[in-house]
Amino acid sequence: MSEEMNEIEVRNYEVGNKVNAQVTKVEEKQVIVNISDSKLDGIIPISELSSLHIEKASDAVAEGDELELEVLKVEEEALILSKRKVDASKSWEDLEAKFNSGEIFDAEIKDVVKGGLVVDLGVRGFVPASLVEAHFVEDFSDYKGKTISFKIVELDKEKNRLILSHRAVVEAEQGKQKKQVLTSLEAGQVLDGTVQRITDFGAFVDIGGIDGLVHISQLSYQHVEKPSDVVSEGQEVKVKVLSVDLDNERISLSIKDTLPGPWDQISEKAPKGSVLDGTVKRLVSYGAFIEVFPGVEGLVHISQIAHKHIGTPHEVLKEGQKIQVKVLDVNETDQRLSLSIKELLDKEEEVTDYVLPEESKGFQLGEMIGEQLKKLNK
C-alpha cells in the first residue's frame with residue numbers, strides 16, 4: 001500500500017498534462033491548488049483563471065473549488081497551471097457545434113468595452129456595437145449584467161476569435177413576425193399604425209412589425225405638396241390596406257380612405273339655395289367646374305354663367321378665378337352639385353373680372369370709326 005502511495009506522490013507531470021486539483025488559497029493575483037497525486041502544489045496566475053480580464057482572483061474561483069487544469073510550466077517548487085485553457089478547449093467544441101447549426105443561445109454580458117460588449121463562453125466572445133441591436137444604440141452601459149440571446153457569426157479557433165450577434169437574432173425574429181403579418185393581411189382591412197419614415201413620395205407606416213407605404217396620393221383628399229405637411233414621424237394613424245404583394249413583401253396603404261370623404265354630408269354643407277365661395281378649376285365647352293370645398297367640385301352649366309348668351313365659358317371666366325355661386329341642386333349619392341353664377345347677378349350685371357380679348361376690342365373700335373365716317377359724309 002505504501003509503495004502505491006509512493007508511486008502517486010512522486011508522479012511527475014509534464015507541460016500539456018491535465019490535472020485535477022482543489023483550491024486551497026485564493027490570493028489577489030494568483031490561486032494555490034493542491035494536486036492529490038503530486039508532491040508539488042499548483043499555482044494558477046490570475047491571467048490563466050478566465051478568458052476575460054478580472055481584477056482579482058476571487059472573481060473567478062473560491063477556496064474548496066475542484067478544478068480541471070492544464071500544466072503550463074514545471075518548476076522546482078510548483079506546477080504553473082491554467083484553468084482558462086481547459087475551459088476554452090471544452091468550449092470550442094460546443095461553440096463550433098452552435099456555429100455550424102446556427103443555434104441561438106442566451107449568455108450574460110460580462111463587460112462593456114470600447115466598440116461593443118464582451119461575453120464569457122469559456123472563450124472570450126465579442127459583440128461589435130453594430131451587431132448588438134437592429135437599431136442604433138448610443139450608450140451600452142446598462143447592458144452589463146444582462147442576459148440576452150446570441151448567434152455566432154464568426155468563429156476562428158486558431159486566432160481565438162469569436163464574434164457574436166444579438167442583432168441577427170432580432171432580425172430573424174422580425175422576419176418571422178413580418179411573414180406572419182403579411183399572410184394575415186387582406187385588402188380592405190383597417191388597422192392602427194405608426195408613421196415610421198417620411199419620403200418625398202409618401203410615408204411608411206408600421207402596422208405591427210412590418211412597414212407599408214402610404215403613397216402621397218393616399219394621404220388626403222386634398223392635394224398634398226409634401227407628405228410632411230400632412231403627417232409626422234411617430235404619429236399614430238389609421239390606415240386601410242389597399243393591396244398586399246407577398247412575393248416582394250410590399251404593402252400599399254391608404255390614410256385617405258379612413259377619413260370622411262369630401263362629399264360626406266354635402267347636403268348639409270351645401271344645401272339647395274345656399275351661396276358658396278368657390279374657385280374656377282376647369283373650363284369646358286358646356287360649362288365651368290367650381291371647387292367649393294376641398295375635393296368637391298360642382299358644375300355651372302354654360303346657361304347658368306351669364307344672363308346674356310355666350311359662346312364658351314372662356315368669354316367671361318378663367319381658371320383660378322374666385323367667384324360666388326348658388327346651389328341649384330345637390331346629389332350626395334352621385335356626388336354632383338349643380339351651381340349657378342347667373343342667379344347671383346342682376347340682368348344688367350355680368351362677371352367682369354375677366355378682360356375681354358383684344359379681337360373684341362378691335363371690333364368695337366371699328367364700329368366707332370364707321371359711325372364717325374357716316375357723320376362726315378352727311
# chains A, B, ... in the order shown; residues from 1 in each chain; ligands from 1

call {"tool": "residues_around", "arguments": {"residues": "Thr333 of chain A", "least_positions_apart": "6", "cutoff": "12 Å", "atoms": "only C-alpha atoms", "output": "MDAnalysis selection string"}}
result
chainID A and resid 263:267

call {"tool": "select_by_dssp", "arguments": {"residues": "segment 45-241 of chain A", "states": "helix (DSSP H, G or I)", "output": "ChimeraX atom specification"}}
result
/A:46-48,57-59,84-101,129-131,141-143,167-184,216-218,227-229

call {"tool": "residues_around", "arguments": {"residues": "Gln304 of chain A", "least_positions_apart": "2", "cutoff": "8 Å", "atoms": "only C-alpha atoms", "output": "PDB file with N, CA and C atoms, in the first residue's frame"}}
result
ATOM      1  N   VAL A 300     -71.210  74.569 -63.112  1.00  0.00           N
ATOM      2  CA  VAL A 300     -72.044  75.692 -63.559  1.00  0.00           C
ATOM      3  C   VAL A 300     -72.238  75.496 -65.057  1.00  0.00           C
ATOM      4  N   HIS A 301     -73.436  75.105 -65.438  1.00  0.00           N
ATOM      5  CA  HIS A 301     -73.700  74.890 -66.866  1.00  0.00           C
ATOM      6  C   HIS A 301     -73.559  76.226 -67.594  1.00  0.00           C
ATOM      7  N   ILE A 302     -73.187  76.182 -68.858  1.00  0.00           N
ATOM      8  CA  ILE A 302     -72.950  77.417 -69.613  1.00  0.00           C
ATOM      9  C   ILE A 302     -74.167  78.346 -69.583  1.00  0.00           C
ATOM     10  N   ALA A 306     -74.113  83.405 -67.332  1.00  0.00           N
ATOM     11  CA  ALA A 306     -74.462  84.818 -67.545  1.00  0.00           C
ATOM     12  C   ALA A 306     -75.883  84.931 -68.086  1.00  0.00           C
ATOM     13  N   HIS A 307     -76.478  86.146 -67.919  1.00  0.00           N
ATOM     14  CA  HIS A 307     -77.824  86.392 -68.459  1.00  0.00           C
ATOM     15  C   HIS A 307     -77.779  86.474 -69.974  1.00  0.00           C
ATOM     16  N   LEU A 339     -74.658  74.225 -59.949  1.00  0.00           N
ATOM     17  CA  LEU A 339     -74.425  75.573 -59.431  1.00  0.00           C
ATOM     18  C   LEU A 339     -74.828  76.622 -60.462  1.00  0.00           C
ATOM     19  N   SER A 340     -74.974  77.857 -59.967  1.00  0.00           N
ATOM     20  CA  SER A 340     -75.302  78.968 -60.859  1.00  0.00           C
ATOM     21  C   SER A 340     -74.530  80.211 -60.447  1.00  0.00           C
ATOM     22  N   ILE A 341     -74.007  80.895 -61.436  1.00  0.00           N
ATOM     23  CA  ILE A 341     -73.423  82.226 -61.215  1.00  0.00           C
ATOM     24  C   ILE A 341     -74.482  83.281 -61.567  1.00  0.00           C
ATOM     25  N   LYS A 342     -75.234  83.004 -62.613  1.00  0.00           N
ATOM     26  CA  LYS A 342     -76.220  83.939 -63.156  1.00  0.00           C
ATOM     27  C   LYS A 342     -77.237  84.389 -62.110  1.00  0.00           C
ATOM     28  N   GLU A 343     -77.656  83.452 -61.249  1.00  0.00           N
ATOM     29  CA  GLU A 343     -78.711  83.775 -60.291  1.00  0.00           C
ATOM     30  C   GLU A 343     -78.257  84.744 -59.201  1.00  0.00           C
TER      31      GLU A 343
END

call {"tool": "closest_atom_pairs", "arguments": {"of": "segment 123-228 of chain A", "to": "segment 48-58 of chain A", "cutoff": "12 Å", "atoms": "only C-alpha atoms", "output": "JSON lines"}}
result
{"residue": "A:Val123", "atom": "CA", "partner": "A:Ser51", "partner_atom": "CA", "distance": 5.5}
{"residue": "A:Arg124", "atom": "CA", "partner": "A:Ser51", "partner_atom": "CA", "distance": 5.4}
{"residue": "A:Gly125", "atom": "CA", "partner": "A:Ser51", "partner_atom": "CA", "distance": 9.1}
{"residue": "A:Phe126", "atom": "CA", "partner": "A:Leu52", "partner_atom": "CA", "distance": 10.7}
{"residue": "A:Asn160", "atom": "CA", "partner": "A:Ser51", "partner_atom": "CA", "distance": 10.3}
{"residue": "A:Arg161", "atom": "CA", "partner": "A:Ser51", "partner_atom": "CA", "distance": 11.8}
{"residue": "A:Leu162", "atom": "CA", "partner": "A:Ser51", "partner_atom": "CA", "distance": 11.8}

call {"tool": "closest_residue", "arguments": {"among": "A:Leu246, A:Leu328, A:Ala21, A:Ala88", "to": "Asp65 of chain A", "atoms": "only C-alpha atoms"}}
result
A:Ala21

call {"tool": "closest_residue", "arguments": {"among": "A:Lys110, A:Arg84, A:Lys281, A:Lys240", "to": "Pro294 of chain A", "atoms": "only C-alpha atoms"}}
result
A:Lys281

call {"tool": "select_by_dssp", "arguments": {"residues": "segment 30-266 of chain A", "states": "strand (DSSP E or B)", "output": "ChimeraX atom specification"}}
result
/A:30-34,41-45,66-74,78-82,104-113,116-120,124-128,147-156,161-165,190-199,202-206,211-215,236-245,250-254

call {"tool": "atom_distance", "arguments": {"atom1": "atom CA of Lys98 of chain A", "atom2": "atom CA of Val153 of chain A"}}
result
10.2 Å

call {"tool": "residues_around", "arguments": {"residues": "Lys272 of chain A", "least_positions_apart": "5", "cutoff": "7 Å", "atoms": "only C-alpha atoms", "output": "number ranges by chain"}}
result
A: 327-330

call {"tool": "write_last_selection", "arguments": {"atoms": "C-alpha atoms", "output": "short mmCIF file (atom, residue, chain, number, x, y, z; two decimals), in the first residue's frame"}}
result
data_model
loop_
_atom_site.label_atom_id
_atom_site.label_comp_id
_atom_site.auth_asym_id
_atom_site.auth_seq_id
_atom_site.Cartn_x
_atom_site.Cartn_y
_atom_site.Cartn_z
CA VAL A 327 -76.50 75.84 -55.25
CA LEU A 328 -79.30 74.79 -57.58
CA ASP A 329 -79.28 71.09 -56.75
CA VAL A 330 -77.26 68.65 -54.65
#

call {"tool": "residues_around", "arguments": {"residues": "Gly311 of chain A", "least_positions_apart": "3", "cutoff": "9 Å", "atoms": "only C-alpha atoms", "output": "PyMOL selection string"}}
result
chain A and resi 285+302+314-315

call {"tool": "closest_residue", "arguments": {"among": "A:Gln222, A:Gly175, A:Glu332, A:Glu319", "to": "Leu259 of chain A", "atoms": "only C-alpha atoms"}}
result
A:Gln222

call {"tool": "closest_residue", "arguments": {"among": "A:Gln22, A:Ser101, A:Ser228, A:Ser38", "to": "Ala62 of chain A", "atoms": "only C-alpha atoms"}}
result
A:Gln22

call {"tool": "residues_around", "arguments": {"residues": "Ile216 of chain A", "least_positions_apart": "3", "cutoff": "12 Å", "atoms": "only C-alpha atoms", "output": "ChimeraX atom specification"}}
result
/A:198-204,213,219-231,252-256
